[in-house]
Amino acid sequence: DNPSWFCRCHYDWNRTWYTANPDLTQCFQNTVLVWVPCIYLWLLAPFYCLHLYCHDRGRIQMSCLCSSKMVLGFLLASFGFVEFFYILLERSQEIHQHMVFLLSPIIRSMTVILALCIIQLERMRGCRSSVFLFLFWVLAVVCSLVPLRAKIHAALNHQPTASAKPYFPKERFTAKTTVSLVFNLLQNPCPVKDASFLSKILFWWFTGLVVKGYRTPLAAEDLWTLRKEDTSQQILSELHQDWTAECAKIQKHQNHVGASLTPKASSVTVRLPDQAQLLRKLQKEQSSGFFLLRALARKFGPYFLTGTLCIILHDCFMFAIPQVLSLLLAFMRDEDAPLWKGYFYATLMFLLSCLQSLFNHQYMYTCFTVGMRVKTAVMGLVYRKSLVINSAARRTCTVGEIVNLVSADTQKLMDFVVYFNAVWLAPIEIVLCLFFLWQHLGPSALAGIATVILIFPLNGFIAKKRSKLQVTIQMKFMDGRIRLMNEILNGIKILKFYAWEKAFLEQVLGYREKELEALKKSQILYSISIISFAMFGVYVMLDDRNVLDAQKVFVSMALINILKTPLSQLPFAISTSMQAMVSLRRLGKYLCSEELKVDNVSKSPLSSGRNVVIDNGTFSWSADGPPCLKRINIHVPRGSLVAVVGHVGSGKSSLLSAMLGETEKRSGRVVVKGSVAYVPQQAWIQNATVQDNVIFGREKLKTWYHRVLEACALLPDLDILPAGDATEIGEKGLNLSGGQKQRVSLARAVYRTADVYLLDDPLSAVDAHVGQHIFDKVIGPKGVLRDKTRILVTHGMSFLPQADLILVMVDGAITESGSYQELLSRHGAFADFIHTFASTERKESAIQREMCGTPSGFFITLTFGSSTFSRGDTNNSNLQNMEPMSEADQEQVPEDLGKLTVVDKARTGRVKLEMYKKYFKTISLAIIIPIVFLYAFQQGASLTYNYWLSMWADDPVVNGTQLDTDLKLTVFGALGFAQGIAIFGTTVAISLCGIIASRHLHMDLLNNVLHSPMSFFECTPSGNLLNRFAKEIDAIDCMVPDGLKMMLSYVFKLMEVCIIVMMATPFAAVIILPLAFLYAFVQSFYVATSCQLRRLEAVSRSPIYTHFNETVQGAGVIRAFGEQSRFILQANKRVDCNQTSYFPRFVATRWLAVNLEFVGNVVVLAAAILSVIGKNTLSPGIVGLAVSHSLQVRGSTYMHASHSGSGGLSVPSSHFHTQQNRGNLLKVESLSKKSKSTSLPWTFIEGSSLPLAWPQRGTIEFQDYGLQYRKGLELALKGITLHIHEKEKVGIVGRTGAGKSSLALGIFRILEAAKGKIFVDGINIEDIGLHDLRSRITIIPQDPVLFSGSLRMNLDPFDTYTDEEVWSSLELAHLKNFVSNLPDKLNHECSEGGENLSLGQRQLVCLARALLRKTKILVLDEATAAVDLETDTLIQSTIRTQFEDCTVLTIAHRLNTIMDYTRVIVMDRGHISEMDSPANLIAQRGQFYRMCREAGLV
C-alpha cells in the first residue's frame, strides 16, 4: 500500500450543519484549521519584513515581556516536535494511511519559530505593536478552539476515541497560544503610538486619561503632547512647498488665460482688457479652491483612504445583519430546527454588530484625525500668507474676515472630511437596500423605489436652497458681524468716549437678525426633508396583495432603518460638500491673493558708499491704483541723517514703505544695503512684557538693554510700572500712553543695532523736551545711532539744522532736497515755511544749548531730567499713572503683579444646572413643555405603529390572504402619517427655540461686552471675545438645537425599545437593569473628562485668534525686522497647544461610543438569546419586533447628523447625546461667564430729568475727588478740589503718572470715583446715565480711531446732522479740499482702522467730529501730535475761534499751545501742585516756570 499524503472526507455537511450536535471532521481539523494561520504567516512574512526594513524606528531594549514571549514561543514550538516524535514512534502504523498527521505538527512548530523571528525583527526595527502578528495569533487561537471543543465534549460524554489520543498536545497548544496572544496585547497602553493593535481598535489606550479626569479635573499639563505627525511643523513643512508649487501653476494658468484674451489689434475697444481681467479673476477664484483641495488631498489622502476602507467593511457588516435576522426569524418559525442554530444566529448577529461598531469608529477616528490635520494645515497656510500679503490685497480682507477663515471655514473643511464619503457611499447603500427589499417584498418594493425617486429631487432641491442660505447669505452676514465686532473691540475706547455703543450695537444686531433669518429658513427646509423620508416606511408596505409575515416585515423594517441613514445623510453630505467648496474657494482666494514682490527692494550686504538708493522710482499701493510716489530719486550715504518733511498726506510714510518694499514698484530701482529697523508712525505693541517688546526675540544684553532704555527715556516709566520692565502691556498697548508706546517702539528698533533706521515720526507723540532728549541721545549726531543710516520723518523743525539731508515732499514727489542751510539759501517754499513757523522751536533749542553750557543749567537738567523726560504722555490707561510702591507694599507684591491680561481659564467639574436653566429660560417653559409632549406623542405613534405591524405579521393566513387588510392598512398609514407630522413639528419647534435662545444669548453677550468698563478690555484679549462671537455663537446657533433634538429623540427611542423588549421577554429586565447601570457608570466617567477637555480646547483656541489679530496688524513691522520665522513658530506653538486638547476630545467620544455600543450589542444578544430560549412561547412577530428594535438601540442611525464640531458623530444612546448637549452647553457657560465677568455701569438712569441743553454753561467742579485704577493700587488722584468756570480755557501739565489724563477719565466716568464727587453745571455726574453724560461732552483723543464704513458714518454714526453741517465741520478741520477731491465724497469707504487715510488725516477727522458735536465742554488730549506745524497752527486757531464760548481742558505736550489759556493746572503725583494763570505761575518761579524754561518759552 502506498501511503496517502492527504486524508479523505475533508468536510461533511451532515455532521456539521444538519445535526443536533455539530462537529468538524478530524481531517478538516488536522489540515485546514492547522494550515490557515500557517499559510497566512508564511505568505505575508516577506512583505512584512520588507516593510520593517524600510521603516526603522530605532532599536527597542529587550524587556521581561519580550523575554516571556520568546520562552513561551519556544515551548509552543517544542510541543510540535514532541507531537511529531510521539506519532512517529507510537502511531507509526497510521502514518501509511495519513501522512498529513505527521506533517501538521512540524508545519505548526516551524511557523511559531518564524513568528519568534519576526518578534525579534520588530524589536530591532523599533515596532512596538504588530497588527500582522496579532492577526496570526487570533487565527491560531480561533482555529485551535474547534479541536479543543471536540476534546472537551468527548471527555464530558466519556467517549475516549482512538483518534483523540495522539493529539494530546493540541489542548496545550491552544492554552499556550491563548497566553501568547495575551502577551502580544500587553503593551504600553498609552499613548496611542505605543498601544497594541487591540488597544487601538477598542481605544483602551485612552482609558487612563478618562480615569484621571474622573478622579481630578484635567489640566493642560495632564494632556499628552501631540504625535510628531500631527504637529504643525511636520504637516506644514511639506504642504507649504506643495502649495507654493500649486500657486505657481495658478499664476501660469492665469497668465495664459490673460494672454489668450488680451486683444491683439489696436482697433479693438478698450473694454476688452477689463472683461479679460474680470474673467481672469473669476477663473482664479474657481481654480484656487480646486488647487487647494488637490494639495490637501495629496498630503492627507493616503491616510484618509484607510478610513474609507473601514467604512466599506462597516457597510458589509451592516447589510449582513438583516440577512442573519432573516435566518433567526426563519428559525423561530421552523419547529424542528435544533436550538444550537438559534444560539449560533444570535451570536453571529452580536459579532457582526461588534465588528460594525469597531469599523465605524475606526473610520470616524481616521476622519477626525485627518480633519484635525487639515485644520492645522489651513491655519498654518493662512498665517504664513498674512505675513506676505501686499497692501492692496490686505485692504480687501479685514482682520475679522481672516479670523473667520481660520475659525468658520476650517470647521466646514473638517465637516467635509467626515461627510465626504457619504456623497458616493450613500447612493450605493440606497441601491443595495432597495435590491434587498425587492428580494424580500417583490414588486411591492416598487412603491419604495418610487418614493425614493420622488424624495431625491426634493431633498436635492432642499439641499441646494439650504446651501445657498447658509453659504451666501448666513456666512456673508456672519462675516460682516465678526468684522464689525473686531473693529468695535479695537476701537472700544473711542466708542465709550463718544457714547456710540448704541449706534454700533444696532449695526451688529442688524447683521445678526439677517443671519438668524437665513438660519431659520434653512432649519425649516431641513424639517421638510426629514418628513419626506420618515413617511417612506408607510409606502413600502402599501400592497394588499402580499401576505405579511414576521420575516418579511421585520427584515424589511431593518433594511428601511438602514435606508433612513443614507437618505438623511445624502442631502446633509451634499450640503456640507457645497459649503466646503465655498470655504475652499474663499481660502483659495485669500491664499492666492497678491503677495509683496521680492524684487520691490534689492537687498545687499553692508558696504561703504550709499546705503539707500532709489533711482527714478514710481510707486503705488496697488498694481492698478494711481501712483502714490512719483519721480523719486534718493541717494543716502552711509551713516547720514536724512529728514523727510511735508504736509499731511504728502507721501512721507509712503516713502519709507517704498524702502521697506511694502508698496508696488511701478518703475525705477530701490537698493537697501544692510539690515533694517523700522519705527512705524502708529506704534505696534505686542501683548507681552515691556522687556519682550524691546528685545523682540533677541538675546538680552543687560548693559546695552539698559543703555537703550535710558536713551529712549523709558527708565522713569519703568519706575512707575508695577513690575518694572516685567509689566505686561495690554493688547495694542492699551495700558500705555501714546508717548510710552512710541518710545517702546523706538527702543525695539534701537536695541536691534541694525544698519539702516527708518523712523516714521516717532517724536510726534512725546513732549517737545522729551523729543529733544530722544533726538540728542538716539537719533542726532551724538546719539547712540550716530554711525547708522537714519531716515527720519518729522514735523519738528528744531531737528532740521542737524540733518545731513532734508527731503521736502509735496503730493508724492520730492520738490526740494539739500542740507538745512542750502534749502534756506534757495528762498523757496521750505525757507518761507521755516521763517514763519520755526521761530519758537529755534529759540527753544538755543536756550537748551545755553543751559547745557553752564554748570547750574546742567544741574537743573540732570535733577529734573529724570522726572520730566516723559512728562505729558497721556492716555486713559491704568499703568502710566500708577505710583511706585512703598517698600512695605512691595513685600506683599504677588508674583504676577506685572500681569495684566487675564488668561481664559477653564472651569472645572460638570456643567452646572444653572446653565441648563439659563438656556431653557431664554426659550420659555411655555414652549418647552409642548415640545416634550410632542416628542412623547411622536414616540407613542412609533411604538403603536411598530406593535401594530407585529400583530399584523402574526395574523393567521386564511385562503392565502389575511383578514381585515384594509383596516390594518388604514391604521398603519394613519399612524405613520401622525409620526411624520410629529417629527416635522418637533424639528421645526426645536430649531425655532434654538434661534430664540441664540438671539437672547447673543444680545446679552453683546450688551454686556459693550457696556463693560475699560479695565475689562485692558485685561481681556480681543481673541477671547472674538472667539465667543464667532465660534461659540455659531455653535449655539446650530449645534445646541441639533444636540437637543437628538437627546430627546434618543431618550424616547430608548424608552420605546425597553418597553418592546420587555413586552416580548419580561425576563430581559434582569439584563437591561444591570446594563443601564453599566451605561450610567461608563458615561459618568466620560462626562467629567469630556467637559474638561472641551473647556481646555475652547480656552486654548482664543490665543490663536489673538495672535492672528496681532500679527496681521503688525505684519509690516515683523517683515521689516525679518522676524517672520519666529512668529510662525509662535503660531505653530499656539495651534499645537489647541490640538493637544482637541485630539483627546474627539478620542473621548470614540471611547464612549465603542463602550456604549458594546453595551447596546449585549442588548441585541440578550434579546436574541432570550427569544431563542422562549421559542415555544413567543410568536415570530414579537421576536422580530424585539430584535429589530434592539438593533436600533445600538446603531441604526450611524453618522446621523450630529455635527462633527460638537465632538463626534452620533452614538445611538441617549446618554451620549446628553453628553453632546453638555458639551454644547459649555458654550452657553462660556458666554455666561463672559457676560458676568464685567461690572455693568448703567447707561440710562430711569426717571432722570436731564435738561436737553445740558450742560448749558460748562462749569466743572471737583470736590475732594479721588480715583484709582484697580483695587489694591494707590489712588491716582488724591483729594482734588477744583472749580472750572464757564468758558474757561484750562491747560493741564505734569510728568507721566502725575494724573493729568486721570482728570479726563474721571469727567467721562471711564473710571468711577473712589471718593468725592464731580459736578458739571451743578449736577453730580454719578446721577447721570453714562450715555447721557458722554454724549453731552466731547474729547479729541490722542489715538485717532476710524471704523470701516463711510466717512460720514465715522463723523456722525447716528445720522443726527445734515450734510451741510458735516461739510462745515470738515471745512473747519481743513479737510474739505481733501474730501471733495475723493470720488465718493462723504461716502468714501474708510478701510479697517482708517488705514487708507494718513495718521494726520485721521486726527483731523477726529477734530471734525468734535466740531460737529460742539458741546459746551471739550477735552483735548494732545490732539495734534501727528500733523505738521502749519496744520497745527490752523487747528489751534480753529479751536480758539469755534470753541470760544466753551469750556476747554487741554492736556498739553507743547507748552506754547496753552500759554494764552486762562489757567494752567500743574499735576504732581495725583495732587494739584500749582494752579493759576500762566503769567502768574511763571512769576511764582515754581514747577511751571521750570518747565517753561526747559521748553525755551521764558
# chains A, B, ... in the order shown; residues from 1 in each chain; ligands from 1
>>> residues_around(residues="stretch 621-633 of chain A", least_positions_apart="2", cutoff="10 Å", atoms="only C-alpha atoms", output="ChimeraX atom specification")
/A:390-393,594,613-619,635,649-652,654-655,657-658,662-670,809-815,1396
>>> select_by_dssp(residues="stretch 694-832 of chain A", states="strand (DSSP E)", output="count of residues only")
22
>>> select_by_dssp(residues="stretch 728-842 of chain A", states="alpha helix (DSSP H)", output="VMD selection string")
chain A and resid 738 to 751 768 to 774 820 to 825 829 to 837 839 to 842
>>> residues_around(residues="A:Arg466", least_positions_apart="2", cutoff="8 Å", atoms="only C-alpha atoms", output="number ranges by chain")
A: 462-464, 468-470, 521-522, 525-526, 575
>>> write_last_selection(atoms="all heavy atoms", output="PDB file, in the first residue's frame")
ATOM      1  N   ILE A 462     -33.938  70.920  -1.750  1.00  0.00           N
ATOM      2  CA  ILE A 462     -33.857  71.481  -0.398  1.00  0.00           C
ATOM      3  C   ILE A 462     -32.394  71.711  -0.011  1.00  0.00           C
ATOM      4  O   ILE A 462     -32.036  72.750   0.539  1.00  0.00           O
ATOM      5  CB  ILE A 462     -34.569  70.552   0.618  1.00  0.00           C
ATOM      6  CG1 ILE A 462     -36.086  70.643   0.410  1.00  0.00           C
ATOM      7  CG2 ILE A 462     -34.209  70.914   2.054  1.00  0.00           C
ATOM      8  CD1 ILE A 462     -36.879  69.587   1.134  1.00  0.00           C
ATOM      9  N   ALA A 463     -31.530  70.726  -0.333  1.00  0.00           N
ATOM     10  CA  ALA A 463     -30.096  70.857  -0.007  1.00  0.00           C
ATOM     11  C   ALA A 463     -29.494  72.070  -0.713  1.00  0.00           C
ATOM     12  O   ALA A 463     -28.702  72.814  -0.126  1.00  0.00           O
ATOM     13  CB  ALA A 463     -29.349  69.593  -0.411  1.00  0.00           C
ATOM     14  N   LYS A 464     -29.910  72.279  -1.980  1.00  0.00           N
ATOM     15  CA  LYS A 464     -29.379  73.405  -2.749  1.00  0.00           C
ATOM     16  C   LYS A 464     -29.815  74.730  -2.126  1.00  0.00           C
ATOM     17  O   LYS A 464     -29.009  75.659  -1.962  1.00  0.00           O
ATOM     18  CB  LYS A 464     -29.893  73.297  -4.195  1.00  0.00           C
ATOM     19  CG  LYS A 464     -29.185  74.234  -5.163  1.00  0.00           C
ATOM     20  CD  LYS A 464     -29.644  73.996  -6.579  1.00  0.00           C
ATOM     21  CE  LYS A 464     -28.997  74.996  -7.531  1.00  0.00           C
ATOM     22  NZ  LYS A 464     -29.498  74.862  -8.890  1.00  0.00           N
ATOM     23  N   LYS A 468     -27.464  77.538  -0.314  1.00  0.00           N
ATOM     24  CA  LYS A 468     -27.447  78.942  -0.719  1.00  0.00           C
ATOM     25  C   LYS A 468     -27.692  79.841   0.493  1.00  0.00           C
ATOM     26  O   LYS A 468     -27.007  80.851   0.688  1.00  0.00           O
ATOM     27  CB  LYS A 468     -28.521  79.183  -1.779  1.00  0.00           C
ATOM     28  CG  LYS A 468     -28.443  80.580  -2.390  1.00  0.00           C
ATOM     29  CD  LYS A 468     -29.524  80.797  -3.415  1.00  0.00           C
ATOM     30  CE  LYS A 468     -29.492  82.236  -3.917  1.00  0.00           C
ATOM     31  NZ  LYS A 468     -30.631  82.551  -4.780  1.00  0.00           N
ATOM     32  N   LEU A 469     -28.670  79.438   1.313  1.00  0.00           N
ATOM     33  CA  LEU A 469     -28.987  80.232   2.508  1.00  0.00           C
ATOM     34  C   LEU A 469     -27.796  80.293   3.460  1.00  0.00           C
ATOM     35  O   LEU A 469     -27.439  81.354   3.961  1.00  0.00           O
ATOM     36  CB  LEU A 469     -30.192  79.620   3.244  1.00  0.00           C
ATOM     37  CG  LEU A 469     -31.572  79.979   2.694  1.00  0.00           C
ATOM     38  CD1 LEU A 469     -32.629  79.060   3.285  1.00  0.00           C
ATOM     39  CD2 LEU A 469     -31.914  81.429   2.999  1.00  0.00           C
ATOM     40  N   GLN A 470     -27.190  79.108   3.688  1.00  0.00           N
ATOM     41  CA  GLN A 470     -26.104  79.046   4.670  1.00  0.00           C
ATOM     42  C   GLN A 470     -24.847  79.733   4.159  1.00  0.00           C
ATOM     43  O   GLN A 470     -24.181  80.455   4.884  1.00  0.00           O
ATOM     44  CB  GLN A 470     -25.790  77.587   5.017  1.00  0.00           C
ATOM     45  CG  GLN A 470     -26.835  76.989   5.947  1.00  0.00           C
ATOM     46  CD  GLN A 470     -26.566  75.511   6.192  1.00  0.00           C
ATOM     47  OE1 GLN A 470     -26.081  74.810   5.325  1.00  0.00           O
ATOM     48  NE2 GLN A 470     -26.899  75.037   7.376  1.00  0.00           N
ATOM     49  N   LYS A 521     -34.875  79.945   7.962  1.00  0.00           N
ATOM     50  CA  LYS A 521     -35.355  79.368   6.696  1.00  0.00           C
ATOM     51  C   LYS A 521     -34.666  78.040   6.427  1.00  0.00           C
ATOM     52  O   LYS A 521     -35.299  77.065   6.007  1.00  0.00           O
ATOM     53  CB  LYS A 521     -35.081  80.343   5.538  1.00  0.00           C
ATOM     54  CG  LYS A 521     -35.983  81.568   5.552  1.00  0.00           C
ATOM     55  CD  LYS A 521     -35.594  82.518   4.426  1.00  0.00           C
ATOM     56  CE  LYS A 521     -36.395  83.810   4.477  1.00  0.00           C
ATOM     57  NZ  LYS A 521     -35.883  84.804   3.529  1.00  0.00           N
ATOM     58  N   SER A 522     -33.365  77.993   6.684  1.00  0.00           N
ATOM     59  CA  SER A 522     -32.587  76.776   6.451  1.00  0.00           C
ATOM     60  C   SER A 522     -33.098  75.637   7.316  1.00  0.00           C
ATOM     61  O   SER A 522     -33.260  74.500   6.852  1.00  0.00           O
ATOM     62  CB  SER A 522     -31.116  77.070   6.762  1.00  0.00           C
ATOM     63  OG  SER A 522     -30.370  75.900   6.789  1.00  0.00           O
ATOM     64  N   LEU A 525     -36.504  74.279   6.076  1.00  0.00           N
ATOM     65  CA  LEU A 525     -36.286  73.434   4.886  1.00  0.00           C
ATOM     66  C   LEU A 525     -35.771  72.058   5.290  1.00  0.00           C
ATOM     67  O   LEU A 525     -36.168  71.036   4.735  1.00  0.00           O
ATOM     68  CB  LEU A 525     -35.283  74.098   3.941  1.00  0.00           C
ATOM     69  CG  LEU A 525     -35.828  75.261   3.113  1.00  0.00           C
ATOM     70  CD1 LEU A 525     -34.694  75.988   2.432  1.00  0.00           C
ATOM     71  CD2 LEU A 525     -36.820  74.764   2.068  1.00  0.00           C
ATOM     72  N   TYR A 526     -34.892  72.020   6.305  1.00  0.00           N
ATOM     73  CA  TYR A 526     -34.341  70.743   6.781  1.00  0.00           C
ATOM     74  C   TYR A 526     -35.458  69.869   7.334  1.00  0.00           C
ATOM     75  O   TYR A 526     -35.491  68.663   7.103  1.00  0.00           O
ATOM     76  CB  TYR A 526     -33.274  71.015   7.848  1.00  0.00           C
ATOM     77  CG  TYR A 526     -32.635  69.762   8.412  1.00  0.00           C
ATOM     78  CD1 TYR A 526     -31.995  68.867   7.567  1.00  0.00           C
ATOM     79  CD2 TYR A 526     -32.685  69.471   9.770  1.00  0.00           C
ATOM     80  CE1 TYR A 526     -31.406  67.722   8.069  1.00  0.00           C
ATOM     81  CE2 TYR A 526     -32.100  68.337  10.277  1.00  0.00           C
ATOM     82  CZ  TYR A 526     -31.462  67.452   9.425  1.00  0.00           C
ATOM     83  OH  TYR A 526     -30.884  66.314   9.920  1.00  0.00           O
ATOM     84  N   SER A 575     -24.904  69.121   1.112  1.00  0.00           N
ATOM     85  CA  SER A 575     -24.882  70.491   1.640  1.00  0.00           C
ATOM     86  C   SER A 575     -23.517  70.813   2.247  1.00  0.00           C
ATOM     87  O   SER A 575     -22.942  71.869   1.985  1.00  0.00           O
ATOM     88  CB  SER A 575     -25.984  70.629   2.696  1.00  0.00           C
ATOM     89  OG  SER A 575     -25.811  71.778   3.441  1.00  0.00           O
TER      90      SER A 575
END
>>> residues_around(residues="stretch 1301-1311 of chain A", least_positions_apart="6", cutoff="8 Å", atoms="only C-alpha atoms", output="ChimeraX atom specification")
/A:496-497,874-876,881,1013-1014,1267-1269,1276-1277,1318,1325,1330,1333-1334,1419,1421,1451
>>> residues_around(residues="A:Leu425", least_positions_apart="3", cutoff="9 Å", atoms="only C-alpha atoms", output="PyMOL selection string")
chain A and resi 312+420-422+428-430+566+570
>>> write_last_selection(atoms="all heavy atoms", output="tab-separated table (two decimals), in the first residue's frame")
chain	number	residue	atom	x	y	z
A	312	ILE	N	-16.24	50.94	4.26
A	312	ILE	CA	-16.75	49.95	3.30
A	312	ILE	C	-16.99	48.62	4.03
A	312	ILE	O	-18.04	47.98	3.86
A	312	ILE	CB	-15.77	49.78	2.12
A	312	ILE	CG1	-15.78	51.05	1.24
A	312	ILE	CG2	-16.12	48.55	1.29
A	312	ILE	CD1	-14.66	51.12	0.23
A	420	PHE	N	-17.61	63.46	3.46
A	420	PHE	CA	-17.31	63.32	2.04
A	420	PHE	C	-17.68	61.94	1.49
A	420	PHE	O	-18.29	61.81	0.44
A	420	PHE	CB	-15.83	63.62	1.77
A	420	PHE	CG	-15.38	63.21	0.40
A	420	PHE	CD1	-15.84	63.89	-0.72
A	420	PHE	CD2	-14.53	62.13	0.20
A	420	PHE	CE1	-15.44	63.51	-2.00
A	420	PHE	CE2	-14.14	61.74	-1.06
A	420	PHE	CZ	-14.59	62.42	-2.17
A	421	ASN	N	-17.30	60.88	2.24
A	421	ASN	CA	-17.58	59.52	1.74
A	421	ASN	C	-19.06	59.25	1.56
A	421	ASN	O	-19.44	58.42	0.74
A	421	ASN	CB	-16.95	58.48	2.68
A	421	ASN	CG	-15.48	58.28	2.38
A	421	ASN	OD1	-15.06	58.32	1.23
A	421	ASN	ND2	-14.67	58.10	3.41
A	422	ALA	N	-19.89	59.94	2.36
A	422	ALA	CA	-21.34	59.72	2.24
A	422	ALA	C	-21.86	60.16	0.88
A	422	ALA	O	-22.87	59.63	0.40
A	422	ALA	CB	-22.06	60.49	3.34
A	428	ILE	N	-24.93	54.18	-3.12
A	428	ILE	CA	-24.70	52.73	-3.21
A	428	ILE	C	-25.51	52.01	-2.13
A	428	ILE	O	-26.15	50.98	-2.39
A	428	ILE	CB	-23.19	52.41	-3.06
A	428	ILE	CG1	-22.41	53.02	-4.24
A	428	ILE	CG2	-22.95	50.91	-2.97
A	428	ILE	CD1	-20.91	52.96	-4.09
A	429	GLU	N	-25.52	52.57	-0.90
A	429	GLU	CA	-26.29	51.97	0.19
A	429	GLU	C	-27.78	51.95	-0.16
A	429	GLU	O	-28.48	50.97	0.11
A	429	GLU	CB	-26.05	52.75	1.49
A	429	GLU	CG	-24.67	52.54	2.09
A	429	GLU	CD	-24.39	53.48	3.24
A	429	GLU	OE1	-25.23	54.34	3.55
A	429	GLU	OE2	-23.30	53.37	3.84
A	430	ILE	N	-28.26	53.05	-0.74
A	430	ILE	CA	-29.69	53.13	-1.10
A	430	ILE	C	-30.02	52.05	-2.13
A	430	ILE	O	-31.02	51.33	-2.01
A	430	ILE	CB	-30.03	54.55	-1.64
A	430	ILE	CG1	-29.94	55.56	-0.49
A	430	ILE	CG2	-31.41	54.58	-2.28
A	430	ILE	CD1	-29.92	57.01	-0.92
A	566	PRO	N	-28.65	56.66	4.90
A	566	PRO	CA	-28.15	57.34	3.69
A	566	PRO	C	-29.11	58.39	3.15
A	566	PRO	O	-28.68	59.41	2.62
A	566	PRO	CB	-27.94	56.20	2.68
A	566	PRO	CG	-28.70	55.05	3.20
A	566	PRO	CD	-28.74	55.20	4.69
A	570	LEU	N	-27.49	61.94	2.82
A	570	LEU	CA	-27.11	62.42	1.49
A	570	LEU	C	-27.32	63.92	1.32
A	570	LEU	O	-26.38	64.64	0.94
A	570	LEU	CB	-27.84	61.62	0.41
A	570	LEU	CG	-27.29	61.79	-1.00
A	570	LEU	CD1	-25.83	61.38	-1.08
A	570	LEU	CD2	-28.10	60.99	-2.00
>>> atom_distance(atom1="atom CA of A:Asn611", atom2="atom CA of A:Arg638")
5.1 Å
>>> closest_residue(among="A:Ser1102, A:Ser675, A:Thr216, A:Ser1380", to="A:Leu660", atoms="only C-alpha atoms")
A:Ser675
>>> closest_residue(among="A:Gly510, A:Pro1255, A:Pro1344, A:Pro1144", to="A:Gly213", atoms="only C-alpha atoms")
A:Pro1144
>>> closest_residue(among="A:Gln1083, A:Ser607, A:Ser825, A:Ser1188", to="A:Thr1149", atoms="only C-alpha atoms")
A:Gln1083
>>> closest_atom_pairs(of="stretch 567-611 of chain A", to="stretch 229-253 of chain A", cutoff="12 Å", atoms="only C-alpha atoms", output="CSV")
residue,atom,partner,partner_atom,distance
A:Gly588,CA,A:Cys247,CA,9.5
A:Lys589,CA,A:Cys247,CA,10.7
A:Tyr590,CA,A:Cys247,CA,11.5
A:Leu591,CA,A:Cys247,CA,8.4
A:Cys592,CA,A:Cys247,CA,6.5
A:Ser593,CA,A:Cys247,CA,9.7
A:Glu594,CA,A:Gln251,CA,10.3
A:Glu595,CA,A:Cys247,CA,11.2
>>> write_last_selection(atoms="N, CA, C and O atoms", output="mmCIF file, in the first residue's frame")
data_model
loop_
_atom_site.group_PDB
_atom_site.id
_atom_site.type_symbol
_atom_site.label_atom_id
_atom_site.label_comp_id
_atom_site.auth_asym_id
_atom_site.auth_seq_id
_atom_site.Cartn_x
_atom_site.Cartn_y
_atom_site.Cartn_z
ATOM 1 N N GLY A 588 -8.887 79.611 -0.869
ATOM 2 C CA GLY A 588 -8.030 79.657 -2.060
ATOM 3 C C GLY A 588 -7.828 81.075 -2.553
ATOM 4 O O GLY A 588 -6.715 81.482 -2.905
ATOM 5 N N LYS A 589 -8.930 81.845 -2.541
ATOM 6 C CA LYS A 589 -8.860 83.237 -2.993
ATOM 7 C C LYS A 589 -7.876 84.023 -2.113
ATOM 8 O O LYS A 589 -7.045 84.777 -2.607
ATOM 9 N N TYR A 590 -7.983 83.806 -0.775
ATOM 10 C CA TYR A 590 -7.084 84.522 0.140
ATOM 11 C C TYR A 590 -5.646 84.048 -0.037
ATOM 12 O O TYR A 590 -4.713 84.851 -0.104
ATOM 13 N N LEU A 591 -5.476 82.714 -0.148
ATOM 14 C CA LEU A 591 -4.121 82.161 -0.235
ATOM 15 C C LEU A 591 -3.458 82.471 -1.572
ATOM 16 O O LEU A 591 -2.244 82.364 -1.703
ATOM 17 N N CYS A 592 -4.276 82.808 -2.581
ATOM 18 C CA CYS A 592 -3.711 83.148 -3.903
ATOM 19 C C CYS A 592 -3.655 84.660 -4.120
ATOM 20 O O CYS A 592 -3.320 85.102 -5.216
ATOM 21 N N SER A 593 -4.043 85.439 -3.093
ATOM 22 C CA SER A 593 -4.028 86.892 -3.299
ATOM 23 C C SER A 593 -2.588 87.383 -3.464
ATOM 24 O O SER A 593 -1.641 86.696 -3.109
ATOM 25 N N GLU A 594 -2.508 88.580 -4.001
ATOM 26 C CA GLU A 594 -1.196 89.137 -4.373
ATOM 27 C C GLU A 594 -0.265 89.230 -3.165
ATOM 28 O O GLU A 594 -0.676 89.626 -2.085
ATOM 29 N N GLU A 595 0.994 88.864 -3.393
ATOM 30 C CA GLU A 595 1.993 88.961 -2.331
ATOM 31 C C GLU A 595 2.948 90.110 -2.623
ATOM 32 O O GLU A 595 3.023 90.597 -3.746
#
